[in-house]
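Structure data follow from query.txt (compact mmCIF, C-alpha atoms):
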# COMPACT_ATOMS: atom_id res chain seq x y z
CA MET A 1 114.98 76.48 74.82
CA SER A 2 118.21 74.56 74.47
CA GLY A 3 118.25 71.14 76.02
CA ALA A 4 121.98 70.82 76.58
CA VAL A 5 123.65 72.04 79.76
CA ARG A 6 126.19 74.66 78.88
CA PRO A 7 129.26 74.50 81.08
CA ASP A 8 129.93 78.19 81.42
CA THR A 9 133.19 78.03 83.28
CA THR A 10 135.25 81.01 82.21
CA ARG A 11 135.44 83.91 84.64
CA ALA A 12 135.06 86.38 81.80
CA GLY A 13 131.79 84.64 80.96
CA PHE A 14 130.12 85.86 84.15
CA ALA A 15 129.40 89.39 82.93
CA GLY A 16 125.65 89.44 82.33
CA HIS A 17 125.57 85.81 83.35
CA VAL A 18 122.36 84.17 84.56
CA PRO A 19 123.29 81.76 87.35
CA GLY A 20 122.17 78.17 86.99
CA GLU A 21 120.15 76.80 84.14
CA ALA A 22 117.09 78.59 82.79
CA GLY A 23 114.69 75.99 84.22
CA ILE A 24 115.48 76.77 87.87
CA TRP A 25 114.34 80.34 87.28
CA LEU A 26 111.02 79.02 86.03
CA PHE A 27 110.77 77.09 89.30
CA ILE A 28 111.78 80.10 91.40
CA ALA A 29 109.35 82.43 89.62
CA GLY A 30 106.62 79.81 89.98
CA ASP A 31 107.26 79.36 93.68
CA MET A 32 107.17 83.10 94.18
CA VAL A 33 103.75 83.11 92.51
CA LEU A 34 102.55 80.63 95.17
CA PHE A 35 103.98 82.72 98.01
CA SER A 36 102.61 85.96 96.54
CA VAL A 37 99.16 84.39 96.59
CA LEU A 38 99.74 83.20 100.16
CA PHE A 39 100.89 86.65 101.28
CA ALA A 40 97.93 88.34 99.58
CA VAL A 41 95.52 85.93 101.31
CA PHE A 42 97.17 86.67 104.65
CA LEU A 43 96.96 90.44 104.20
CA THR A 44 93.30 90.23 103.14
CA HIS A 45 92.39 88.23 106.25
CA ARG A 46 94.44 90.51 108.47
CA ALA A 47 92.66 93.58 107.15
CA GLU A 48 89.37 91.99 108.27
CA ALA A 49 90.54 91.21 111.81
CA PRO A 50 93.42 93.53 112.73
CA ASP A 51 93.01 93.01 116.50
CA LEU A 52 93.13 89.22 116.31
CA PHE A 53 96.19 89.30 114.07
CA GLY A 54 97.86 91.90 116.29
CA ALA A 55 97.35 89.69 119.36
CA GLY A 56 98.66 86.68 117.46
CA ARG A 57 101.78 88.53 116.38
CA ALA A 58 102.39 89.63 119.97
CA ALA A 59 102.25 85.96 121.07
CA LEU A 60 105.17 85.05 118.78
CA ASP A 61 108.73 85.15 120.05
CA PRO A 62 110.60 87.56 117.74
CA ARG A 63 113.95 86.44 119.17
CA LEU A 64 113.50 82.91 117.76
CA GLY A 65 112.40 84.39 114.45
CA LEU A 66 115.46 86.61 114.44
CA VAL A 67 117.79 83.70 115.21
CA ASN A 68 116.30 81.83 112.28
CA THR A 69 116.67 84.85 110.02
CA LEU A 70 120.35 85.07 110.95
CA LEU A 71 120.78 81.34 110.31
CA MET A 72 119.17 81.68 106.88
CA LEU A 73 121.30 84.71 105.95
CA THR A 74 124.47 82.97 107.17
CA SER A 75 123.64 79.85 105.20
CA SER A 76 123.10 81.92 102.07
CA TRP A 77 126.47 83.57 102.61
CA PHE A 78 128.11 80.15 102.88
CA VAL A 79 126.41 78.97 99.70
CA ALA A 80 127.45 82.09 97.78
CA THR A 81 131.02 81.76 99.07
CA GLY A 82 131.07 78.11 98.03
CA VAL A 83 129.96 78.91 94.49
CA ALA A 84 132.50 81.76 94.25
CA ALA A 85 135.27 79.40 95.43
CA ALA A 86 134.23 76.81 92.85
CA ARG A 87 134.48 79.45 90.13
CA ARG A 88 138.02 80.19 91.26
CA ARG A 89 138.74 76.42 91.16
CA ARG A 90 139.51 76.26 94.89
CA PRO A 91 139.34 72.62 95.93
CA ARG A 92 137.53 71.50 99.12
CA ILE A 93 136.20 74.99 99.99
CA PRO A 94 132.87 74.62 98.09
CA ALA A 95 131.97 71.32 99.77
CA ALA A 96 132.90 72.73 103.20
CA CYS A 97 130.77 75.83 102.58
CA PHE A 98 127.77 73.77 101.48
CA ALA A 99 128.18 71.57 104.56
CA ALA A 100 128.20 74.68 106.77
CA ALA A 101 125.03 75.92 105.04
CA LEU A 102 123.48 72.50 105.59
CA ALA A 103 124.31 72.81 109.30
CA CYS A 104 122.60 76.22 109.38
CA GLY A 105 119.55 74.61 107.79
CA ALA A 106 119.56 71.93 110.50
CA GLY A 107 119.85 74.68 113.12
CA PHE A 108 116.87 76.43 111.54
CA ALA A 109 114.86 73.21 111.82
CA GLY A 110 115.92 72.85 115.48
CA VAL A 111 114.78 76.38 116.33
CA LYS A 112 111.50 75.73 114.51
CA TYR A 113 111.01 72.61 116.62
CA LEU A 114 111.52 74.63 119.83
CA GLU A 115 109.17 77.31 118.58
CA TYR A 116 106.41 74.91 117.55
CA SER A 117 106.61 72.90 120.77
CA ALA A 118 106.43 76.10 122.86
CA LYS A 119 103.29 77.11 120.94
CA PHE A 120 101.69 73.69 121.40
CA THR A 121 102.51 73.74 125.14
CA ALA A 122 100.82 77.14 125.38
CA GLY A 123 97.76 75.60 123.73
CA LEU A 124 98.24 77.46 120.43
CA THR A 125 97.49 75.23 117.41
CA PRO A 126 96.50 75.81 113.77
CA MET A 127 92.90 75.52 114.95
CA THR A 128 93.21 78.29 117.58
CA ASP A 129 92.36 81.18 115.25
CA ASP A 130 93.06 82.55 111.77
CA PHE A 131 96.40 84.04 112.73
CA PHE A 132 97.77 80.74 114.01
CA MET A 133 96.30 78.89 111.04
CA PHE A 134 98.37 81.11 108.75
CA TYR A 135 101.38 81.00 111.05
CA PHE A 136 101.57 77.21 111.14
CA VAL A 137 100.61 76.64 107.50
CA TYR A 138 102.99 79.21 106.04
CA THR A 139 105.96 78.38 108.22
CA GLY A 140 105.16 74.69 107.59
CA ILE A 141 105.19 75.13 103.81
CA HIS A 142 108.43 77.06 104.17
CA MET A 143 109.85 74.28 106.36
CA ILE A 144 109.14 71.81 103.53
CA HIS A 145 111.23 74.09 101.31
CA VAL A 146 114.03 74.05 103.89
CA VAL A 147 114.01 70.24 103.96
CA ILE A 148 114.07 70.05 100.14
CA GLY A 149 116.81 72.69 100.09
CA MET A 150 118.88 70.66 102.57
CA GLY A 151 118.47 67.69 100.23
CA VAL A 152 119.71 69.87 97.36
CA LEU A 153 122.74 71.01 99.39
CA TYR A 154 123.53 67.42 100.28
CA GLY A 155 123.21 66.58 96.57
CA LEU A 156 125.75 69.31 95.74
CA ILE A 157 128.18 67.96 98.33
CA ALA A 158 127.79 64.45 96.90
CA TYR A 159 128.28 65.84 93.38
CA LEU A 160 131.55 67.53 94.41
CA ARG A 161 132.89 64.43 96.15
CA GLY A 162 135.48 62.58 94.10
CA ARG A 163 135.41 65.17 91.31
CA ASP A 164 138.16 67.58 90.48
CA ILE A 165 136.76 71.11 90.62
CA ALA A 166 138.00 71.71 87.06
CA VAL A 167 135.54 69.15 85.68
CA VAL A 168 132.64 70.10 87.96
CA ASN A 169 129.79 71.65 86.05
CA LEU A 170 129.44 75.06 87.72
CA GLN A 171 125.98 75.47 86.32
CA HIS A 172 124.76 72.58 88.48
CA LEU A 173 126.19 74.26 91.57
CA GLU A 174 124.55 77.55 90.65
CA THR A 175 121.19 75.86 90.07
CA GLY A 176 121.25 74.28 93.53
CA ALA A 177 122.54 77.47 95.14
CA SER A 178 119.77 79.52 93.51
CA PHE A 179 117.18 77.27 95.11
CA TRP A 180 118.73 77.74 98.54
CA HIS A 181 118.69 81.53 98.10
CA LEU A 182 114.98 81.25 97.29
CA VAL A 183 114.42 79.41 100.60
CA ASP A 184 116.28 82.21 102.39
CA LEU A 185 114.38 84.96 100.58
CA LEU A 186 110.99 83.43 101.36
CA TRP A 187 111.86 83.20 105.06
CA ILE A 188 112.86 86.86 105.21
CA VAL A 189 109.50 87.92 103.78
CA LEU A 190 107.68 85.49 106.12
CA PHE A 191 109.61 86.79 109.14
CA ALA A 192 108.64 90.36 108.32
CA LEU A 193 105.04 89.45 107.62
CA LEU A 194 104.35 87.25 110.68
CA TYR A 195 106.67 88.64 113.37
CA LEU A 196 107.31 92.28 112.56
CA VAL A 197 104.69 94.17 110.53
CA ALA A 198 102.14 95.70 112.87
CA MET B 199 116.67 52.63 68.50
CA GLU B 200 114.14 51.19 66.05
CA GLN B 201 112.30 49.21 68.73
CA ARG B 202 111.84 52.39 70.80
CA THR B 203 109.95 54.18 68.06
CA VAL B 204 106.63 55.46 69.35
CA ASP B 205 103.53 55.09 67.19
CA GLY B 206 102.75 58.77 66.75
CA ALA B 207 99.07 58.30 65.94
CA VAL B 208 98.36 56.29 69.10
CA ALA B 209 100.49 58.60 71.23
CA LYS B 210 98.62 61.62 69.90
CA ALA B 211 95.24 60.06 70.66
CA PHE B 212 96.48 59.31 74.18
CA VAL B 213 97.57 62.92 74.67
CA TYR B 214 94.23 64.28 73.49
CA SER B 215 92.43 61.91 75.85
CA GLY B 216 94.00 63.97 78.68
CA VAL B 217 92.71 67.17 77.16
CA ALA B 218 89.28 65.50 77.04
CA LEU B 219 89.64 64.68 80.73
CA VAL B 220 90.15 68.36 81.60
CA ALA B 221 87.28 69.41 79.34
CA SER B 222 84.98 66.80 80.90
CA LEU B 223 85.82 68.15 84.34
CA LEU B 224 84.61 71.60 83.38
CA VAL B 225 81.47 70.31 81.70
CA SER B 226 80.48 67.72 84.31
CA GLN B 227 81.67 69.08 87.63
CA GLY B 228 81.29 72.71 86.65
CA TRP B 229 78.22 72.96 84.49
CA LEU B 230 76.13 69.81 85.16
CA MET B 231 76.84 69.30 88.86
CA GLY B 232 77.63 72.86 89.96
CA PHE B 233 80.51 71.66 92.14
CA ILE B 234 83.12 74.20 90.99
CA PRO B 235 83.70 75.47 93.64
CA PRO B 236 82.54 72.66 95.98
CA PRO B 237 79.69 73.15 98.45
CA SER B 238 81.27 74.49 101.64
CA PRO B 239 82.43 71.83 104.13
CA ALA B 240 80.84 74.05 106.79
CA LEU B 241 77.35 73.54 105.26
CA SER B 242 74.75 71.78 107.44
CA PRO B 243 73.93 68.15 106.49
CA GLU B 244 70.36 69.16 105.60
CA ALA B 245 71.46 71.97 103.27
CA LEU B 246 73.89 69.62 101.55
CA ALA B 247 71.22 66.92 101.18
CA ALA B 248 68.93 69.52 99.59
CA ILE B 249 71.62 70.25 97.00
CA PHE B 250 71.91 66.56 96.12
CA ILE B 251 68.13 66.15 95.86
CA GLU B 252 67.76 69.24 93.72
CA ARG B 253 70.65 68.46 91.36
CA LYS B 254 70.35 64.67 91.24
CA MET B 255 69.83 64.46 87.47
CA GLY B 256 72.77 66.76 86.79
CA ILE B 257 74.94 64.76 89.18
CA ARG B 258 73.93 61.43 87.56
CA LEU B 259 74.74 62.72 84.07
CA GLY B 260 77.92 64.41 85.22
CA THR B 261 79.23 61.33 87.01
CA LEU B 262 78.50 59.19 83.95
CA ILE B 263 80.62 61.52 81.81
CA GLN B 264 83.31 61.51 84.49
CA CYS B 265 83.43 57.72 84.66
CA ILE B 266 84.20 57.67 80.96
CA CYS B 267 86.59 60.60 80.75
CA TYR B 268 88.46 60.09 84.03
CA THR B 269 89.54 56.69 82.72
CA PHE B 270 91.64 58.72 80.30
CA TRP B 271 94.05 59.39 83.15
CA LEU B 272 95.49 56.01 82.22
CA THR B 273 95.88 56.72 78.50
CA TRP B 274 97.11 60.25 79.06
CA GLY B 275 99.68 59.21 81.63
CA MET B 276 100.98 56.51 79.33
CA SER B 277 101.61 59.04 76.54
CA ILE B 278 104.30 60.59 78.75
CA THR B 279 105.65 57.22 79.82
CA PHE B 280 106.38 56.24 76.19
CA TYR B 281 108.83 59.12 76.05
CA MET B 282 110.22 58.50 79.52
CA ARG B 283 111.16 55.03 78.30
CA ARG B 284 113.26 56.58 75.60
CA MET B 285 115.00 58.89 78.09
CA GLU B 286 116.15 55.98 80.26
CA ARG B 287 119.09 53.69 79.70
CA GLY B 288 119.43 50.16 81.08
CA VAL B 289 116.60 48.95 83.30
CA PRO B 290 113.95 51.69 82.89
CA VAL B 291 113.18 52.04 86.61
CA LEU B 292 111.35 55.37 86.37
CA THR B 293 109.22 54.09 83.50
CA TYR B 294 108.20 50.97 85.42
CA ALA B 295 107.44 53.01 88.54
CA SER B 296 105.36 55.45 86.48
CA ILE B 297 103.33 52.70 84.85
CA ALA B 298 102.46 51.26 88.28
CA ASN B 299 101.72 54.74 89.57
CA ILE B 300 99.38 55.60 86.68
CA GLY B 301 97.57 52.30 87.12
CA GLY B 302 96.81 53.26 90.71
CA GLY B 303 95.97 56.85 89.82
CA TYR B 304 92.88 56.17 87.76
CA VAL B 305 91.35 54.22 90.64
CA PHE B 306 91.29 57.48 92.62
CA PHE B 307 89.84 59.28 89.63
CA LEU B 308 87.01 56.75 89.17
CA LEU B 309 86.18 56.49 92.88
CA MET B 310 85.03 60.12 92.88
CA PRO B 311 82.21 59.89 90.30
CA ILE B 312 81.22 56.41 91.51
CA THR B 313 80.72 57.67 95.09
CA TRP B 314 78.85 60.76 93.93
CA ALA B 315 76.66 58.65 91.65
CA ALA B 316 75.73 56.45 94.60
CA LEU B 317 74.77 59.56 96.60
CA ALA B 318 72.59 60.90 93.77
CA PHE B 319 70.93 57.48 93.31
CA ARG B 320 68.46 57.90 96.20
CA PRO B 321 69.38 61.14 97.96
CA GLU B 322 65.89 61.51 99.50
CA GLN B 323 66.32 58.32 101.52
CA ILE B 324 69.87 58.83 102.79
CA ASP B 325 70.42 60.17 106.29
CA PRO B 326 71.85 63.69 105.65
CA ALA B 327 74.66 63.11 108.15
CA MET B 328 75.79 60.06 106.21
CA LEU B 329 75.44 61.88 102.91
CA GLN B 330 77.67 64.61 104.30
CA VAL B 331 80.39 62.17 105.31
CA LEU B 332 80.32 60.46 101.92
CA ASN B 333 80.41 63.79 100.10
CA ASP B 334 83.41 64.78 102.24
CA LEU B 335 84.96 61.48 101.22
CA VAL B 336 84.72 62.38 97.52
CA TRP B 337 86.61 65.63 98.04
CA PHE B 338 89.14 63.85 100.24
CA ILE B 339 89.69 61.25 97.51
CA PHE B 340 90.05 64.06 95.01
CA ILE B 341 92.38 66.38 96.91
CA LEU B 342 94.06 64.26 99.59
CA SER B 343 95.29 61.75 97.00
CA TRP B 344 97.96 64.22 95.85
CA PRO B 345 101.10 62.25 96.85
CA PRO B 346 101.10 59.61 94.05
CA PHE B 347 100.43 62.36 91.52
CA ALA B 348 103.27 64.47 92.92
CA LEU B 349 105.45 61.38 92.71
CA PHE B 350 104.65 60.99 89.01
CA MET B 351 105.74 64.61 88.49
CA ILE B 352 109.00 63.87 90.28
CA PHE B 353 109.53 60.72 88.16
CA ILE B 354 109.07 62.80 84.99
CA ALA B 355 111.56 65.41 86.27
CA LEU B 356 114.14 62.75 87.15
CA ALA B 357 113.78 61.07 83.76
CA ILE B 358 114.37 64.40 82.01
CA PHE B 359 117.39 65.19 84.18
CA ARG B 360 118.93 61.80 83.33
CA ASP B 361 117.95 61.85 79.64
CA HIS B 362 120.97 60.74 77.55
CA ASN B 363 119.54 61.85 74.18
CA VAL B 364 120.94 64.85 72.33
CA PRO B 365 118.85 66.92 72.12
CA THR B 366 116.80 65.75 75.10
CA VAL B 367 113.36 64.25 74.38
CA PHE B 368 111.61 66.91 76.52
CA PRO B 369 113.21 70.33 77.07
CA ARG B 370 114.89 70.60 80.47
CA TRP B 371 112.59 73.36 81.73
CA VAL B 372 109.84 70.74 81.75
CA ALA B 373 111.71 68.97 84.57
CA PHE B 374 111.69 72.12 86.69
CA PHE B 375 108.07 72.75 85.82
CA ASN B 376 107.16 69.29 87.12
CA LEU B 377 109.11 69.79 90.33
CA TRP B 378 107.36 73.10 90.81
CA CYS B 379 103.94 71.49 90.38
CA ALA B 380 104.91 68.72 92.80
CA VAL B 381 105.73 71.34 95.45
CA LEU B 382 102.64 73.41 94.67
CA ILE B 383 100.14 70.63 95.30
CA VAL B 384 101.55 69.90 98.76
CA PRO B 385 99.13 72.31 100.55
CA ALA B 386 96.35 69.92 99.46
CA GLY B 387 97.09 67.97 102.64
CA LEU B 388 95.70 70.85 104.70
CA ILE B 389 92.04 70.12 103.86
CA GLU B 390 92.02 67.63 106.75
CA PHE B 391 92.27 70.42 109.29
CA PHE B 392 89.98 73.24 108.17
CA LYS B 393 86.28 73.56 107.42
CA THR B 394 86.42 77.23 106.41
CA GLY B 395 89.00 79.59 104.99
CA PRO B 396 91.61 79.30 102.26
CA PHE B 397 92.76 75.77 103.24
CA ALA B 398 89.32 74.14 103.44
CA TYR B 399 88.38 71.97 100.47
CA ASP B 400 86.40 74.80 98.90
CA GLY B 401 89.13 77.37 99.69
CA LEU B 402 91.28 79.61 97.54
CA ILE B 403 94.47 77.62 98.09
CA SER B 404 93.27 74.05 98.65
CA PHE B 405 90.68 74.12 95.88
CA TRP B 406 91.28 76.84 93.29
CA PHE B 407 95.04 76.96 93.38
CA ILE B 408 95.50 73.18 93.49
CA TYR B 409 92.95 72.59 90.74
CA ILE B 410 94.46 75.17 88.43
CA VAL B 411 97.97 73.81 89.03
CA PHE B 412 97.01 70.16 88.58
CA PHE B 413 94.79 70.46 85.52
CA GLY B 414 97.05 73.18 84.08
CA TRP B 415 99.90 70.68 84.50
CA ILE B 416 97.95 68.13 82.41
CA LEU B 417 97.51 70.72 79.64
CA VAL B 418 101.15 71.86 79.67
CA MET B 419 102.42 68.27 79.63
CA SER B 420 100.00 67.53 76.76
CA ALA B 421 101.48 70.38 74.72
CA VAL B 422 105.04 69.24 75.48
CA THR B 423 104.27 65.63 74.52
CA LEU B 424 102.58 66.72 71.28
CA ARG B 425 105.74 68.61 70.40
CA ALA B 426 107.86 65.52 71.06
CA ILE B 427 105.54 63.51 68.78
CA ALA B 428 105.90 66.12 66.02
CA THR B 429 109.71 66.13 66.38
CA ASP B 430 109.65 62.35 66.20
CA ARG B 431 107.74 62.36 62.95
CA LYS B 432 110.19 64.79 61.38
CA MET B 433 113.20 62.77 62.51
CA ASN B 434 111.73 59.48 61.33
CA ALA B 435 110.67 60.86 57.97
CA VAL B 436 114.19 61.83 56.94
CA PRO B 437 116.22 58.58 57.21
CA SER B 438 113.50 56.35 55.82
CA ARG B 439 113.20 58.53 52.76
CA ALA B 440 116.97 58.48 52.32
CA ALA B 441 117.20 54.70 52.66
CA PRO B 442 113.91 53.15 51.56
CA HIS B 443 115.53 49.69 51.22
CA LEU B 444 115.97 49.55 55.01
CA THR B 445 112.29 49.86 55.74
CA GLY B 446 111.10 48.01 52.66
CA GLN B 447 108.77 50.85 51.83
CA ALA B 448 109.04 53.31 48.98
CA SER B 449 107.01 56.10 50.58
CA PRO B 450 106.59 56.10 54.34
CA THR B 451 103.57 57.83 55.70

Can you turn what I pasted into structure tokens?
Amino acid sequence: MSGAVRPDTTRAGFAGHVPGEAGIWLFIAGDMVLFSVLFAVFLTHRAEAPDLFGAGRAALDPRLGLVNTLLMLTSSWFVATGVAAARRRRPRIPAACFAAALACGAGFAGVKYLEYSAKFTAGLTPMTDDFFMFYFVYTGIHMIHVVIGMGVLYGLIAYLRGRDIAVVNLQHLETGASFWHLVDLLWIVLFALLYLVA
Amino acid sequence: MEQRTVDGAVAKAFVYSGVALVASLLVSQGWLMGFIPPPSPALSPEALAAIFIERKMGIRLGTLIQCICYTFWLTWGMSITFYMRRMERGVPVLTYASIANIGGGYVFFLLMPITWAALAFRPEQIDPAMLQVLNDLVWFIFILSWPPFALFMIFIALAIFRDHNVPTVFPRWVAFFNLWCAVLIVPAGLIEFFKTGPFAYDGLISFWFIYIVFFGWILVMSAVTLRAIATDRKMNAVPSRAAPHLTGQASPT
């Protein structure tokens, strides 16, 4: 495992290229282990009480979930566009794209706030039943990822500020972007699992 | 650089003290006390009191071993801090913060066996309801004290990211590994809310997963630090043999 960060900046170098540095993939794989365990636990409990979980799913608002899914997908598109623009040495576009993705993340948090407060008003809390325990815990753990991811995006914007794109280390951008895509991916699985799958 | 040389023999002993900590956990909490996994938080006070009365000798022995071996959190943590010092330039902020953090950390570690030992001292005479609360307290000290430990992981990651050495003292994947562990132990906070299920303090996530991550982290960091010590010895051996007049020794050991 090489310690140095390799600035892989040539376009030709992207054939068979692993984005970001190797370590972030260890993190991503590790985080997916956690979520795989969480999903398996959820499915095991659901198999034991299908009616309770069915009623819980029916109490969720799929429109809010869908809005959040669209926000996540849009943010990922912005991040990918930003990285692509950085590779082509386009100035200003990467930072603008990351800022737009950051705004999507803030929108996601806003929708989550509306969703949680509606549940609390309806008297649904993590203590209500097993379904809502999983719902709040899993979306809460994911929300922590969103907040960390927004910090990462802000870090990328700060990193780009005052630097010419030619000297920016693309690998750093890819590492941060890969984390944001993980946040997006986890939400899509959560959305399917909690809101959709009957 | 000479003044930043780490005494490899001491560092190695410090690393192995962490391995002893993990081993003592299995022996004491697992075998002697039978608390892996913990008694369910949903257990009645009387049933819990019966466990303490029945296992009081095992608990006394186990907590004695824990008092000794959990102190090794301090020595083990410092073995990493030696190397963090070398990663940092200027005022070693992360090193200072880590030293303070480790000093607080072993207080949490020692509070667990001390509280348990007090419960096993005269379990027949304690009101079961009170025994239950104090036993809850031990698990809360154990699991709910995750934030300073997560912070230490983040300090390690930051030090590695900012390491100016070539090659870096620890490989860079270690930084990501530490961040991952810091995120993974977050669900520990959930034990406050649930008495049954995967997020209770005897649950699959809040107990098994967190335990495996945390004590696995100690073992992985031990292996990484041992490798840094070995690299150190190789690097130090070469120049001193080439220029024995600088060290005043003919054959360095």

> What residues in chain A have any atom no more than 9 Å from chain B when counting only C-alpha atoms, and can you write them as a PyMOL selection string?
Replying inline: chain A and resi 1-5+21-28+30-31+34+37-38+41+126-127+130+133+137+141+144-145

With the cut-off set at 12 Å and counting all atoms listed in the file, tabulate each residue of segment 255-331 of chain B with an atom at most that distance from an atom of segment 207-219 of chain B, showing the nearest atom pair and its distance in Å to one decimal, ordered by chain and increasing number, as a tab-separated table.
residue	atom	partner	partner_atom	distance
B:Ile263	CA	B:Leu219	CA	9.6
B:Gln264	CA	B:Leu219	CA	8.0
B:Cys265	CA	B:Leu219	CA	10.1
B:Ile266	CA	B:Leu219	CA	8.9
B:Cys267	CA	B:Leu219	CA	5.1
B:Tyr268	CA	B:Leu219	CA	5.8
B:Thr269	CA	B:Leu219	CA	8.2
B:Phe270	CA	B:Ser215	CA	5.5
B:Trp271	CA	B:Gly216	CA	6.4
B:Leu272	CA	B:Phe212	CA	8.7
B:Thr273	CA	B:Phe212	CA	5.1
B:Trp274	CA	B:Gly216	CA	4.9
B:Gly275	CA	B:Gly216	CA	8.0
B:Met276	CA	B:Phe212	CA	7.4
B:Ser277	CA	B:Ala209	CA	5.4
B:Ile278	CA	B:Val213	CA	8.2
B:Thr279	CA	B:Ala209	CA	10.1
B:Phe280	CA	B:Ala209	CA	8.1
B:Tyr281	CA	B:Ala209	CA	9.6
B:Tyr304	CA	B:Leu219	CA	11.5
B:Phe307	CA	B:Leu219	CA	10.4
B:Leu308	CA	B:Leu219	CA	11.9

> Which residues, protein or nucleic acid, reach to within 7 Å of (106.3, 83.2, 107.4) in the file's coordinates when using all atoms listed in the file, and can you give that as JSON, numbers by chain?
Replying inline: {"A": [135, 138, 139, 187, 189, 190, 191, 193, 194]}

> Can you tell me, as a PyMOL selection string, which residues sit within 12 Å of (109.3, 60.9, 89.9) in the file's frame, using all atoms listed in the file?
Replying inline: chain B and resi 279+282+291-300+345-360+373-374+376-377+379-380

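For the atom pair formed by atom CA of Ala86 of chain A and atom CA of Gly151 of chain A, the distance is 19.6 Å, given to one decimal.
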
> Could you pull the residues within 12 Å of Gly228 of chain B, counting only C-alpha atoms, minus those fewer than 3 positions along the same chain, as a list in words?
Replying inline: Val220, Ala221, Ser222, Leu223, Leu224, Val225, Met231, Gly232, Phe233, Ile234, Pro235, Pro236, Pro237, Gly256, Ile257, Gly260, Thr261 and Gln264 of chain B

>> Please determine, counting all atoms listed in the file, which residue among A:Met32, A:Leu43, A:Ala101, A:Val167 has the shortest atom-to-atom distance to Val152 of chain A.
In response: A:Ala101

> How many Å separate atom CA of Ile157 of chain A from atom CA of His142 of chain A?
Replying inline: 22.5 Å

> How many Å lie between atom CA of Gly140 of chain A and atom CA of Asn333 of chain B, rounded to one decimal?
Replying inline: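 We find that atom CA of Gly140 of chain A and atom CA of Asn333 of chain B lie 28.1 Å from each other.
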
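Around Ala318 of chain B, within 9 Å and counting only C-alpha atoms, the residues found are Phe250, Ile251, Arg253, Lys254, Met255, Ile257, Arg258 and Thr313 of chain B, once anything fewer than 5 positions away on its own chain is removed.
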
Export, as a PDB file, in the frame of the given file, the selected residues with C-alpha atoms.
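Written out: selection23.pdb:
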ATOM      1  CA  PHE B 250      71.910  66.560  96.120  1.00  0.00           C
ATOM      2  CA  ILE B 251      68.130  66.150  95.860  1.00  0.00           C
ATOM      3  CA  ARG B 253      70.650  68.460  91.360  1.00  0.00           C
ATOM      4  CA  LYS B 254      70.350  64.670  91.240  1.00  0.00           C
ATOM      5  CA  MET B 255      69.830  64.460  87.470  1.00  0.00           C
ATOM      6  CA  ILE B 257      74.940  64.760  89.180  1.00  0.00           C
ATOM      7  CA  ARG B 258      73.930  61.430  87.560  1.00  0.00           C
ATOM      8  CA  THR B 313      80.720  57.670  95.090  1.00  0.00           C
TER       9      THR B 313
END

>> Using only C-alpha atoms, can you tell me which of A:Lys112, A:His17, A:Arg161, A:Arg57 comes closest to Val146 of chain A?
In response: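 Selected residue with least distance to Val146 of chain A: A:Lys112.
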